[in-house]
file my_file03.tsv (TSV, C-alpha atoms)
chain	number	residue	atom	x	y	z
T	1	MET	CA	111.23	95.60	99.14
T	2	ASP	CA	109.42	92.72	100.85
T	3	PHE	CA	105.63	92.66	100.63
T	4	ARG	CA	105.29	89.67	102.94
T	5	PHE	CA	104.47	89.73	106.64
T	6	THR	CA	107.25	88.91	109.07
T	7	PRO	CA	107.07	85.49	110.77
T	8	GLU	CA	105.87	87.26	113.93
T	9	GLN	CA	103.09	89.01	112.03
T	10	GLU	CA	102.03	85.75	110.38
T	11	GLN	CA	101.93	84.09	113.78
T	12	PHE	CA	99.87	86.95	115.16
T	13	ARG	CA	97.43	86.79	112.25
T	14	GLU	CA	96.99	83.06	112.71
T	15	SER	CA	96.32	83.45	116.45
T	16	VAL	CA	93.70	86.13	115.72
T	17	ARG	CA	92.07	83.88	113.13
T	18	ARG	CA	91.84	80.98	115.59
T	19	PHE	CA	90.36	83.31	118.19
T	20	ALA	CA	87.79	84.63	115.73
T	21	GLU	CA	86.74	81.22	114.47
T	22	LYS	CA	86.38	79.91	118.02
T	23	HIS	CA	84.58	82.86	119.60
T	24	LEU	CA	83.06	85.04	116.87
T	25	ALA	CA	81.93	82.88	113.95
T	26	LYS	CA	78.81	81.79	115.79
T	27	GLY	CA	76.38	84.68	116.05
T	28	ALA	CA	78.15	86.92	113.50
T	29	ARG	CA	74.94	87.70	111.61
T	30	GLU	CA	72.92	88.45	114.75
T	31	ARG	CA	75.74	90.60	116.11
T	32	ALA	CA	75.80	92.68	112.94
T	33	HIS	CA	72.12	93.53	113.19
T	34	SER	CA	72.02	94.24	116.92
T	35	PRO	CA	71.96	97.90	118.05
T	36	ASP	CA	73.78	96.92	121.25
T	37	TYR	CA	77.50	97.32	121.70
T	38	PRO	CA	79.12	93.83	121.81
T	39	TRP	CA	80.49	94.08	125.34
T	40	ASP	CA	81.00	90.32	125.51
T	41	VAL	CA	83.25	90.50	122.45
T	42	ALA	CA	85.12	93.49	123.87
T	43	LYS	CA	85.95	91.61	127.06
T	44	LEU	CA	87.10	88.57	125.10
T	45	MET	CA	89.31	90.75	122.93
T	46	ALA	CA	90.76	92.49	125.96
T	47	ALA	CA	91.75	89.12	127.42
T	48	GLN	CA	93.31	88.20	124.08
T	49	GLY	CA	95.34	91.44	123.98
T	50	LEU	CA	93.47	92.85	120.98
T	51	LEU	CA	92.57	96.13	122.67
T	52	GLY	CA	95.43	98.57	123.07
T	53	ILE	CA	97.58	96.89	120.42
T	54	THR	CA	98.94	100.29	119.39
T	55	ILE	CA	99.19	101.73	122.92
T	56	ALA	CA	102.42	101.75	124.93
T	57	GLU	CA	102.97	98.99	127.46
T	58	ALA	CA	103.50	101.62	130.15
T	59	ASP	CA	99.89	102.70	129.60
T	60	GLY	CA	98.53	99.15	129.72
T	61	GLY	CA	98.67	98.40	126.00
T	62	GLN	CA	100.64	95.94	123.88
T	63	GLY	CA	103.16	98.40	122.43
T	64	GLY	CA	102.57	97.14	118.90
T	65	ALA	CA	102.56	98.92	115.54
T	66	LEU	CA	99.66	100.26	113.52
T	67	ILE	CA	100.11	97.44	111.01
T	68	ASP	CA	99.42	94.95	113.82
T	69	ALA	CA	96.05	96.58	114.54
T	70	VAL	CA	95.29	96.59	110.80
T	71	ILE	CA	96.05	92.87	110.65
T	72	ALA	CA	93.68	92.30	113.58
T	73	ILE	CA	90.87	94.24	111.87
T	74	GLU	CA	91.31	92.37	108.58
T	75	THR	CA	91.43	88.96	110.20
T	76	LEU	CA	88.51	89.47	112.59
T	77	ALA	CA	86.33	91.04	109.89
T	78	SER	CA	86.83	87.99	107.65
T	79	VAL	CA	84.90	86.00	110.27
T	80	CYS	CA	82.68	88.60	111.99
T	81	PRO	CA	82.47	92.03	110.30
T	82	ARG	CA	80.80	93.70	113.30
T	83	SER	CA	83.64	92.73	115.63
T	84	ALA	CA	86.11	94.79	113.60
T	85	ASP	CA	84.45	97.86	115.16
T	86	VAL	CA	85.59	96.72	118.61
T	87	VAL	CA	89.22	96.59	117.46
T	88	GLN	CA	88.79	100.07	115.98
T	89	ALA	CA	87.40	101.44	119.25
T	90	GLY	CA	90.20	99.87	121.28
T	91	ASN	CA	93.11	101.01	119.11
T	92	PHE	CA	92.33	104.01	116.93
T	93	GLY	CA	90.99	107.53	117.24
T	94	PRO	CA	90.12	109.00	120.65
T	95	ILE	CA	91.69	106.20	122.69
T	96	ARG	CA	95.02	106.85	120.92
T	97	VAL	CA	94.75	110.60	121.52
T	98	LEU	CA	94.04	109.92	125.21
T	99	ALA	CA	97.02	107.55	125.45
T	100	GLU	CA	99.32	109.96	123.60
T	101	TYR	CA	98.37	113.26	125.20
T	102	GLY	CA	96.36	112.45	128.31
T	103	THR	CA	97.73	113.09	131.79
T	104	PRO	CA	98.59	110.20	134.13
T	105	GLU	CA	95.44	111.01	136.11
T	106	GLN	CA	93.25	110.90	132.99
T	107	LYS	CA	94.74	107.59	131.95
T	108	ARG	CA	94.20	106.08	135.39
T	109	LYS	CA	90.60	107.22	135.38
T	110	TYR	CA	89.60	106.04	131.91
T	111	LEU	CA	92.25	104.06	130.02
T	112	LYS	CA	92.28	100.97	132.21
T	113	ARG	CA	88.53	100.39	131.79
T	114	LEU	CA	88.73	101.09	128.05
T	115	LEU	CA	91.50	98.53	127.58
T	116	ALA	CA	89.59	95.99	129.67
T	117	GLY	CA	86.60	96.18	127.34
T	118	GLU	CA	84.44	97.56	130.14
T	119	SER	CA	83.97	101.01	128.63
T	120	VAL	CA	84.13	102.80	125.30
T	121	ILE	CA	85.11	106.37	124.42
T	122	SER	CA	83.50	108.56	121.77
T	123	VAL	CA	84.91	111.57	119.98
T	124	GLY	CA	82.83	114.74	119.66
T	125	MET	CA	83.86	116.66	116.54
T	126	THR	CA	80.91	117.22	114.22
T	127	GLU	CA	78.33	119.84	115.18
T	128	PRO	CA	75.08	120.99	113.54
T	129	GLU	CA	76.98	123.85	111.86
T	130	ALA	CA	80.44	122.27	111.61
T	131	GLY	CA	80.98	119.09	109.61
T	132	SER	CA	83.82	118.91	107.10
T	133	ALA	CA	84.62	122.49	108.18
T	134	VAL	CA	85.38	121.26	111.67
T	135	THR	CA	87.26	124.44	112.57
T	136	ASP	CA	83.87	126.21	112.53
T	137	LEU	CA	82.91	124.36	115.71
T	138	GLN	CA	81.02	126.45	118.25
T	139	THR	CA	81.15	124.37	121.43
T	140	THR	CA	82.89	126.59	123.98
T	141	ALA	CA	84.90	125.99	127.14
T	142	THR	CA	84.77	129.13	129.31
T	143	PRO	CA	87.06	129.43	132.36
T	144	GLU	CA	85.32	129.31	135.73
T	145	GLY	CA	87.08	128.76	139.04
T	146	ASP	CA	89.35	125.74	138.82
T	147	GLY	CA	87.74	124.49	135.64
T	148	TYR	CA	85.57	125.33	132.64
T	149	ARG	CA	81.92	125.55	131.65
T	150	VAL	CA	81.20	123.76	128.38
T	151	ASN	CA	78.27	124.76	126.18
T	152	GLY	CA	77.36	123.43	122.74
T	153	SER	CA	76.36	120.18	121.05
T	154	LYS	CA	77.73	117.34	118.95
T	155	VAL	CA	76.07	115.18	116.28
T	156	PHE	CA	76.79	111.94	114.39
T	157	THR	CA	79.02	110.78	117.22
T	158	THR	CA	80.12	107.13	117.11
T	159	HIS	CA	79.27	105.17	120.27
T	160	SER	CA	77.25	108.13	121.61
T	161	THR	CA	74.60	105.77	123.01
T	162	HIS	CA	77.16	103.48	124.68
T	163	ALA	CA	80.13	105.64	125.65
T	164	GLU	CA	81.08	106.50	129.22
T	165	VAL	CA	83.21	109.48	128.24
T	166	MET	CA	83.61	111.75	125.23
T	167	LEU	CA	86.77	113.37	123.92
T	168	ALA	CA	85.14	116.63	122.86
T	169	TYR	CA	86.69	119.25	120.59
T	170	VAL	CA	85.97	122.63	122.15
T	171	ARG	CA	86.77	126.25	121.58
T	172	PHE	CA	88.81	127.95	124.30
T	173	GLY	CA	89.21	131.06	122.16
T	174	PRO	CA	88.80	132.40	118.61
T	175	GLY	CA	90.31	130.92	115.47
T	176	VAL	CA	91.97	127.59	114.84
T	177	GLY	CA	94.47	128.36	117.59
T	178	GLY	CA	91.68	128.50	120.13
T	179	ILE	CA	90.60	124.89	119.61
T	180	GLY	CA	91.52	122.13	122.06
T	181	SER	CA	89.87	119.10	123.64
T	182	VAL	CA	88.43	117.98	126.96
T	183	LEU	CA	87.12	114.77	128.47
T	184	ILE	CA	83.44	114.94	129.41
T	185	ASP	CA	81.72	112.32	131.53
T	186	LEU	CA	78.48	111.68	129.66
T	187	LYS	CA	76.57	111.28	132.93
T	188	ALA	CA	77.72	114.63	134.29
T	189	PRO	CA	75.13	117.28	135.22
T	190	GLY	CA	74.22	119.35	132.18
T	191	VAL	CA	74.89	116.61	129.62
T	192	ARG	CA	71.67	115.83	127.77
T	193	LEU	CA	71.11	113.23	125.08
T	194	GLY	CA	68.64	113.92	122.31
T	195	LYS	CA	66.22	111.55	120.63
T	196	PRO	CA	67.94	108.37	119.35
T	197	SER	CA	68.31	108.10	115.60
T	198	LYS	CA	69.83	105.53	113.27
T	199	PHE	CA	72.31	105.63	110.46
T	200	MET	CA	71.72	103.63	107.30
T	201	SER	CA	74.00	101.02	108.89
T	202	GLU	CA	71.49	100.62	111.77
T	203	GLU	CA	74.03	102.02	114.22
T	204	GLU	CA	72.33	104.35	116.69
T	205	TRP	CA	73.45	107.90	117.48
T	206	VAL	CA	72.06	110.79	119.49
T	207	GLN	CA	72.73	114.50	119.47
T	208	THR	CA	74.64	115.31	122.64
T	209	TYR	CA	73.98	118.65	124.32
T	210	PHE	CA	76.32	120.34	126.79
T	211	GLU	CA	74.36	122.82	128.86
T	212	ASN	CA	76.69	124.69	131.19
T	213	VAL	CA	78.59	121.46	131.95
T	214	PHE	CA	81.37	121.99	134.49
T	215	ILE	CA	84.63	120.14	133.96
T	216	ALA	CA	87.67	120.39	136.19
T	217	SER	CA	90.88	121.69	134.66
T	218	GLU	CA	92.32	118.19	135.14
T	219	MET	CA	90.02	116.98	132.35
T	220	VAL	CA	91.60	119.18	129.68
T	221	VAL	CA	93.54	116.96	127.26
T	222	LEU	CA	94.83	119.61	124.87
T	223	LYS	CA	94.58	123.33	125.53
T	224	GLU	CA	94.53	126.16	123.00
T	225	GLY	CA	96.78	125.38	120.07
T	226	GLY	CA	96.15	121.65	120.32
T	227	PHE	CA	94.12	121.32	117.13
T	228	LYS	CA	96.99	120.12	114.92
T	229	LYS	CA	97.91	117.45	117.45
T	230	GLN	CA	94.29	116.29	117.56
T	231	ILE	CA	94.13	116.08	113.78
T	232	ALA	CA	97.37	114.07	113.77
T	233	GLY	CA	95.61	111.66	116.11
T	234	PHE	CA	92.58	111.70	113.85
T	235	ASN	CA	94.75	110.42	110.99
T	236	VAL	CA	95.10	107.25	113.03
T	237	GLU	CA	91.31	107.01	113.11
T	238	ARG	CA	91.38	107.14	109.31
T	239	ILE	CA	93.75	104.16	109.16
T	240	GLY	CA	91.22	102.09	111.09
T	241	ASN	CA	88.38	103.41	108.95
T	242	ALA	CA	90.20	102.46	105.75
T	243	ALA	CA	91.06	99.03	107.14
T	244	ARG	CA	87.42	98.28	107.95
T	245	SER	CA	86.22	99.48	104.54
T	246	LEU	CA	88.62	97.19	102.76
T	247	ALA	CA	88.03	94.29	105.16
T	248	LEU	CA	84.26	94.38	104.71
T	249	GLY	CA	84.68	94.69	100.95
T	250	ARG	CA	86.85	91.59	101.07
T	251	TYR	CA	84.31	89.75	103.24
T	252	ALA	CA	81.63	90.43	100.61
T	253	TYR	CA	84.02	89.45	97.81
T	254	GLU	CA	84.75	86.09	99.43
T	255	ALA	CA	81.05	85.42	100.00
T	256	ALA	CA	80.30	86.18	96.34
T	257	ARG	CA	83.26	84.09	95.17
T	258	ARG	CA	82.01	81.06	97.07
T	259	TRP	CA	78.53	81.65	95.66
T	260	ALA	CA	79.83	81.92	92.08
T	261	MET	CA	81.54	78.53	92.40
T	262	GLN	CA	78.37	76.72	93.50
T	263	ARG	CA	75.39	78.59	92.03
T	264	LYS	CA	74.20	77.49	88.58
T	265	GLN	CA	72.15	79.39	86.01
T	266	PHE	CA	71.36	78.20	82.50
T	267	GLY	CA	73.09	74.94	83.39
T	268	ARG	CA	76.44	76.59	84.13
T	269	LEU	CA	78.23	77.78	87.25
T	270	LEU	CA	78.21	81.55	87.61
T	271	CYS	CA	82.02	81.62	87.60
T	272	GLU	CA	81.97	80.25	84.04
T	273	PHE	CA	80.35	83.41	82.65
T	274	GLN	CA	82.96	85.84	81.33
T	275	GLY	CA	80.95	88.86	82.47
T	276	LEU	CA	81.22	87.70	86.07
T	277	GLN	CA	84.86	86.72	85.66
T	278	TRP	CA	85.63	90.31	84.74
T	279	LYS	CA	83.69	91.55	87.76
T	280	PHE	CA	85.81	89.41	90.05
T	281	ALA	CA	89.02	90.48	88.32
T	282	ASP	CA	88.08	94.12	88.89
T	283	MET	CA	87.19	93.44	92.51
T	284	LYS	CA	90.47	91.64	93.14
T	285	MET	CA	92.52	94.47	91.61
T	286	LYS	CA	90.76	97.07	93.76
T	287	LEU	CA	91.23	95.05	96.94
T	288	ASP	CA	94.91	94.40	96.28
T	289	ALA	CA	95.64	98.02	95.34
T	290	GLY	CA	93.81	99.29	98.41
T	291	GLN	CA	95.68	96.90	100.66
T	292	LEU	CA	99.05	98.12	99.42
T	293	LEU	CA	98.07	101.77	100.00
T	294	LEU	CA	96.73	100.92	103.44
T	295	TYR	CA	99.85	98.99	104.45
T	296	ARG	CA	102.09	101.81	103.19
T	297	ALA	CA	100.27	104.36	105.34
T	298	ALA	CA	100.39	102.13	108.41
T	299	ALA	CA	103.97	100.89	107.97
T	300	ASN	CA	105.37	104.37	107.33
T	301	ALA	CA	103.76	105.82	110.44
T	302	ASP	CA	106.33	107.97	112.21
T	303	ARG	CA	106.37	108.28	116.01
T	304	GLY	CA	102.96	106.67	116.29
T	305	PHE	CA	101.13	108.94	113.84
T	306	PRO	CA	100.93	108.33	110.07
T	307	SER	CA	101.54	110.71	107.20
T	308	ALA	CA	98.53	112.93	106.49
T	309	GLU	CA	99.03	112.55	102.72
T	310	GLU	CA	99.48	108.77	102.73
T	311	THR	CA	96.53	108.38	105.09
T	312	ALA	CA	94.29	110.52	102.89
T	313	ILE	CA	95.23	108.50	99.80
T	314	ALA	CA	94.68	105.19	101.59
T	315	LYS	CA	91.34	106.17	103.09
T	316	ALA	CA	89.92	107.72	99.92
T	317	PHE	CA	90.89	104.70	97.82
T	318	CYS	CA	89.91	102.04	100.37
T	319	ASN	CA	86.56	103.69	101.10
T	320	GLN	CA	85.65	103.70	97.42
T	321	ALA	CA	87.10	100.25	96.76
T	322	GLY	CA	85.39	98.66	99.76
T	323	PHE	CA	82.01	100.04	98.77
T	324	ASP	CA	82.41	99.20	95.07
T	325	VAL	CA	83.48	95.64	95.80
T	326	ALA	CA	80.71	95.03	98.34
T	327	SER	CA	78.14	96.45	95.92
T	328	GLU	CA	79.36	94.26	93.07
T	329	ALA	CA	79.40	91.23	95.35
T	330	LEU	CA	75.77	91.90	96.23
T	331	GLN	CA	74.94	92.13	92.51
T	332	VAL	CA	76.63	88.79	91.86
T	333	MET	CA	74.60	87.12	94.63
T	334	GLY	CA	71.36	88.62	93.37
T	335	GLY	CA	68.33	88.32	95.63
T	336	LEU	CA	70.24	86.38	98.28
T	337	GLY	CA	72.86	89.12	98.53
T	338	TYR	CA	70.09	91.67	99.08
T	339	THR	CA	68.59	89.77	102.03
T	340	GLN	CA	69.69	89.93	105.65
T	341	GLU	CA	70.33	86.18	105.58
T	342	GLU	CA	73.76	87.10	104.31
T	343	LEU	CA	76.06	89.87	105.59
T	344	VAL	CA	76.87	91.21	102.14
T	345	GLU	CA	74.14	93.84	102.29
T	346	TYR	CA	75.42	94.81	105.75
T	347	CYS	CA	78.89	95.31	104.30
T	348	VAL	CA	77.46	97.56	101.58
T	349	ARG	CA	75.68	99.75	104.11
T	350	ARG	CA	78.64	99.98	106.45
T	351	CYS	CA	81.12	100.77	103.69
T	352	ARG	CA	78.86	103.51	102.39
T	353	GLY	CA	79.00	105.31	105.72
T	354	TRP	CA	82.79	105.27	105.87
T	355	MET	CA	82.90	107.26	102.63
T	356	ILE	CA	81.52	110.12	104.75
T	357	ALA	CA	82.76	109.47	108.29
T	358	GLY	CA	86.28	110.37	109.33
T	359	GLY	CA	86.75	112.79	106.44
T	360	SER	CA	84.66	112.51	103.28
T	361	ILE	CA	86.28	111.32	100.06
T	362	GLU	CA	85.89	114.81	98.61
T	363	ILE	CA	87.67	116.49	101.53
T	364	LEU	CA	90.45	113.90	101.35
T	365	LYS	CA	90.92	114.65	97.66
T	366	ASN	CA	91.30	118.31	98.56
T	367	ARG	CA	94.08	117.38	100.97
T	368	ILE	CA	95.76	115.18	98.37
T	369	ALA	CA	95.63	117.99	95.80
T	370	GLU	CA	97.31	120.33	98.28
T	371	SER	CA	100.18	117.83	98.53
T	372	VAL	CA	100.34	117.56	94.75
T	373	PHE	CA	100.64	121.31	94.22
T	374	GLU	CA	102.45	122.05	97.49
T	375	ARG	CA	100.05	124.80	98.46
T	376	SER	CA	96.78	125.16	100.34
T	377	PHE	CA	93.43	125.76	98.66
T	378	PRO	CA	91.11	127.49	101.15
T	379	GLN	CA	87.51	126.41	100.72
T	380	ARG	CA	86.01	129.52	102.27
T	381	PRO	CA	85.11	132.43	99.99
T	382	ASP	CA	87.31	135.51	100.04
T	383	PRO	CA	86.09	138.09	102.53
T	384	VAL	CA	83.99	140.90	101.12
T	385	ARG	CA	86.02	144.06	100.83

call {"tool": "encode", "arguments": {"input": "my_file03.tsv", "output": "structure tokens"}}
result
Amino acid sequence: MDFRFTPEQEQFRESVRRFAEKHLAKGARERAHSPDYPWDVAKLMAAQGLLGITIAEADGGQGGALIDAVIAIETLASVCPRSADVVQAGNFGPIRVLAEYGTPEQKRKYLKRLLAGESVISVGMTEPEAGSAVTDLQTTATPEGDGYRVNGSKVFTTHSTHAEVMLAYVRFGPGVGGIGSVLIDLKAPGVRLGKPSKFMSEEEWVQTYFENVFIASEMVVLKEGGFKKQIAGFNVERIGNAARSLALGRYAYEAARRWAMQRKQFGRLLCEFQGLQWKFADMKMKLDAGQLLLYRAAANADRGFPSAEETAIAKAFCNQAGFDVASEALQVMGGLGYTQEELVEYCVRRCRGWMIAGGSIEILKNRIAESVFERSFPQRPDPVR
């Protein structure tokens, strides 16, 4: 078993690093604290071939593997943490579902602009009454003429203030089997955006309302019975989520390591205190363990989609490790780490959100336990008899 990158992967990582240092190092702090989507970065990445890494060449992508996109996230985040989000948007989650299951017409309409860094797609899953229990979603798609009328709302949607189109999970009929997905132009009649709000990370989101929105049948991505396929695609989203958690934890770790080798207290460098040495040893172990779990999930991906169990393990561990490491790094840097002059506090806030988004750690542990015991454990109470 070889834990090293191939020569091609090493070459790719080095080219991404040169790109990041040339184009992204300057302005990294300002970029992290801006509510705007970094369209300039997206266009640069598109020209560099960093959007669509995991998408087939026939669809305008690079035809690479998941591990290639993970390498890109890790390398870019080491220079500019905010820019890792652009790689995520251009390779994981809804864009992958569109590339995998979308019709040629849907791809012509949206995928080209997405891969050019001119547009971004959001995914509408969570609703006011359906979070971790996503199968409780209430947004409906009712047949009408040659299309459907969509009614409902979505919350906590990534890129909701910047996206051109949303891949929305909708209910065509009752039960899990009635769930599918449609593409909704966010400027279509009947789409209404609520009052902007902010996450702890400073990223903006708005509740999106669908009020009798008409969509043509050509905009259906997956019909009834498509839920399992969508969730398989969502596992890819979790790979990108885990990669960013670990990458931002590592960014904070490196910042704290540099600080510990130059900052003196009581006449000694911080790195000479055993208490801090143990902190860094713990951080390093968590980062290395998380990286191995992440690489296993990405490298073992079969037919473009990773194992649900391996993905759950990787995301749960990397989410916790990334946050723990970033938090400890902030503690090491003291007051400076807590200021916005450094990006360590930004990494803490971002990593905290990923412990919830894309499947909370608790839900992932439920899924892991089901694999352990080879049976399902329904969370809903037994029906009253």

call {"tool": "closest_atom_pairs", "arguments": {"input": "my_file03.tsv", "of": "stretch 107-206 of chain T", "to": "stretch 54-59 of chain T", "cutoff": "9 Å", "atoms": "all atoms listed in the file", "output": "Markdown table"}}
result
| residue | atom | partner | partner_atom | distance |
| --- | --- | --- | --- | --- |
| T:Lys107 | CA | T:Asp59 | CA | 7.5 |
| T:Arg108 | CA | T:Asp59 | CA | 8.8 |
| T:Leu111 | CA | T:Asp59 | CA | 7.8 |
| T:Lys112 | CA | T:Asp59 | CA | 8.2 |

call {"tool": "closest_residue", "arguments": {"input": "my_file03.tsv", "among": "T:Glu272, T:Glu362, T:Asp68, T:Asp36", "to": "T:Ala163", "atoms": "only C-alpha atoms"}}
result
T:Asp36

call {"tool": "residues_around", "arguments": {"input": "my_file03.tsv", "residues": "T:Leu330", "least_positions_apart": "4", "cutoff": "7 Å", "atoms": "all atoms listed in the file", "output": "list in words"}}
result
Ala326, Gly334, Gly337, Tyr338, Val344 and Glu345 of chain T

call {"tool": "write_last_selection", "arguments": {"input": "my_file03.tsv", "atoms": "C-alpha atoms", "output": "tab-separated table (two decimals), keeping the file's coordinate frame"}}
result
chain	number	residue	atom	x	y	z
T	326	ALA	CA	80.71	95.03	98.34
T	334	GLY	CA	71.36	88.62	93.37
T	337	GLY	CA	72.86	89.12	98.53
T	338	TYR	CA	70.09	91.67	99.08
T	344	VAL	CA	76.87	91.21	102.14
T	345	GLU	CA	74.14	93.84	102.29

call {"tool": "closest_residue", "arguments": {"input": "my_file03.tsv", "among": "T:Gly102, T:Gly240, T:Gly49, T:Gly267", "to": "T:Leu294", "atoms": "all atoms listed in the file"}}
result
T:Gly240

call {"tool": "atom_distance", "arguments": {"input": "my_file03.tsv", "atom1": "atom CA of T:Val155", "atom2": "atom CA of T:Gly175"}}
result
21.2 Å

call {"tool": "residues_near_point", "arguments": {"input": "my_file03.tsv", "point": "(98.3, 123.4, 119.1)", "cutoff": "10 Å", "atoms": "only C-alpha atoms", "output": "list in words"}}
result
Val176, Gly177, Gly178, Ile179, Gly180, Leu222, Lys223, Glu224, Gly225, Gly226, Phe227, Lys228, Lys229, Gln230 and Ile231 of chain T

call {"tool": "closest_residue", "arguments": {"input": "my_file03.tsv", "among": "T:Glu203, T:Glu118, T:Glu254, T:Asp288", "to": "T:Val332", "atoms": "all atoms listed in the file"}}
result
T:Glu254

call {"tool": "residues_around", "arguments": {"input": "my_file03.tsv", "residues": "T:Tyr295", "least_positions_apart": "3", "cutoff": "9 Å", "atoms": "all atoms listed in the file", "output": "list in words"}}
result
Ile67, Val70, Gly290, Gln291, Leu292, Ala298, Ala299, Asn300 and Ala314 of chain T

call {"tool": "atom_distance", "arguments": {"input": "my_file03.tsv", "atom1": "atom CA of T:Tyr209", "atom2": "atom CA of T:Gly190"}}
result
7.9 Å

call {"tool": "closest_residue", "arguments": {"input": "my_file03.tsv", "among": "T:Arg238, T:Lys365, T:Lys286, T:Lys109", "to": "T:Pro306", "atoms": "only C-alpha atoms"}}
result
T:Arg238

call {"tool": "atom_distance", "arguments": {"input": "my_file03.tsv", "atom1": "atom CA of T:Val120", "atom2": "atom CA of T:Ala357"}}
result
18.3 Å

call {"tool": "residues_around", "arguments": {"input": "my_file03.tsv", "residues": "stretch 210-215 of chain T", "least_positions_apart": "4", "cutoff": "6 Å", "atoms": "all atoms listed in the file", "output": "ChimeraX atom specification"}}
result
/T:147-153,190-191

call {"tool": "closest_residue", "arguments": {"input": "my_file03.tsv", "among": "T:Arg263, T:Arg31, T:Arg96, T:Arg258", "to": "T:Leu343", "atoms": "only C-alpha atoms"}}
result
T:Arg31

call {"tool": "residues_around", "arguments": {"input": "my_file03.tsv", "residues": "T:Ala89", "least_positions_apart": "3", "cutoff": "12 Å", "atoms": "all atoms listed in the file", "output": "ChimeraX atom specification"}}
result
/T:37-39,42,45-46,50-54,69,73,82-86,92-97,114-123,158-159,162-163,236-237,240-241,244

call {"tool": "closest_residue", "arguments": {"input": "my_file03.tsv", "among": "T:Glu105, T:Glu144, T:Glu74, T:Glu100", "to": "T:Arg250", "atoms": "all atoms listed in the file"}}
result
T:Glu74

call {"tool": "decode", "arguments": {"input": "my_file03.tsv", "residues": "stretch 68-99 of chain T", "atoms": "C-alpha atoms", "output": "CSV table (one decimal), in the first residue's frame"}}
result
chain,number,residue,atom,x,y,z
T,68,ASP,CA,-7.7,15.5,-7.5
T,69,ALA,CA,-10.4,17.9,-6.3
T,70,VAL,CA,-9.4,17.2,-2.7
T,71,ILE,CA,-5.8,18.0,-3.5
T,72,ALA,CA,-6.9,21.3,-5.0
T,73,ILE,CA,-8.9,22.3,-1.9
T,74,GLU,CA,-6.1,21.4,0.4
T,75,THR,CA,-3.5,23.3,-1.6
T,76,LEU,CA,-5.6,26.4,-2.2
T,77,ALA,CA,-6.8,26.6,1.4
T,78,SER,CA,-3.2,26.6,2.6
T,79,VAL,CA,-2.8,30.0,0.9
T,80,CYS,CA,-6.4,31.4,0.8
T,81,PRO,CA,-8.9,29.6,2.9
T,82,ARG,CA,-11.9,31.4,1.4
T,83,SER,CA,-10.9,30.3,-2.1
T,84,ALA,CA,-11.4,26.6,-1.2
T,85,ASP,CA,-15.2,27.3,-1.3
T,86,VAL,CA,-14.9,28.1,-5.0
T,87,VAL,CA,-13.3,24.7,-5.7
T,88,GLN,CA,-16.1,23.1,-3.6
T,89,ALA,CA,-18.8,24.9,-5.6
T,90,GLY,CA,-17.2,24.0,-8.9
T,91,ASN,CA,-16.7,20.3,-8.2
T,92,PHE,CA,-18.9,18.9,-5.5
T,93,GLY,CA,-22.6,18.7,-4.6
T,94,PRO,CA,-25.3,20.1,-6.9
T,95,ILE,CA,-22.9,20.6,-9.8
T,96,ARG,CA,-21.9,16.9,-9.7
T,97,VAL,CA,-25.6,15.9,-9.5
T,98,LEU,CA,-26.4,18.1,-12.5
T,99,ALA,CA,-23.4,16.6,-14.5
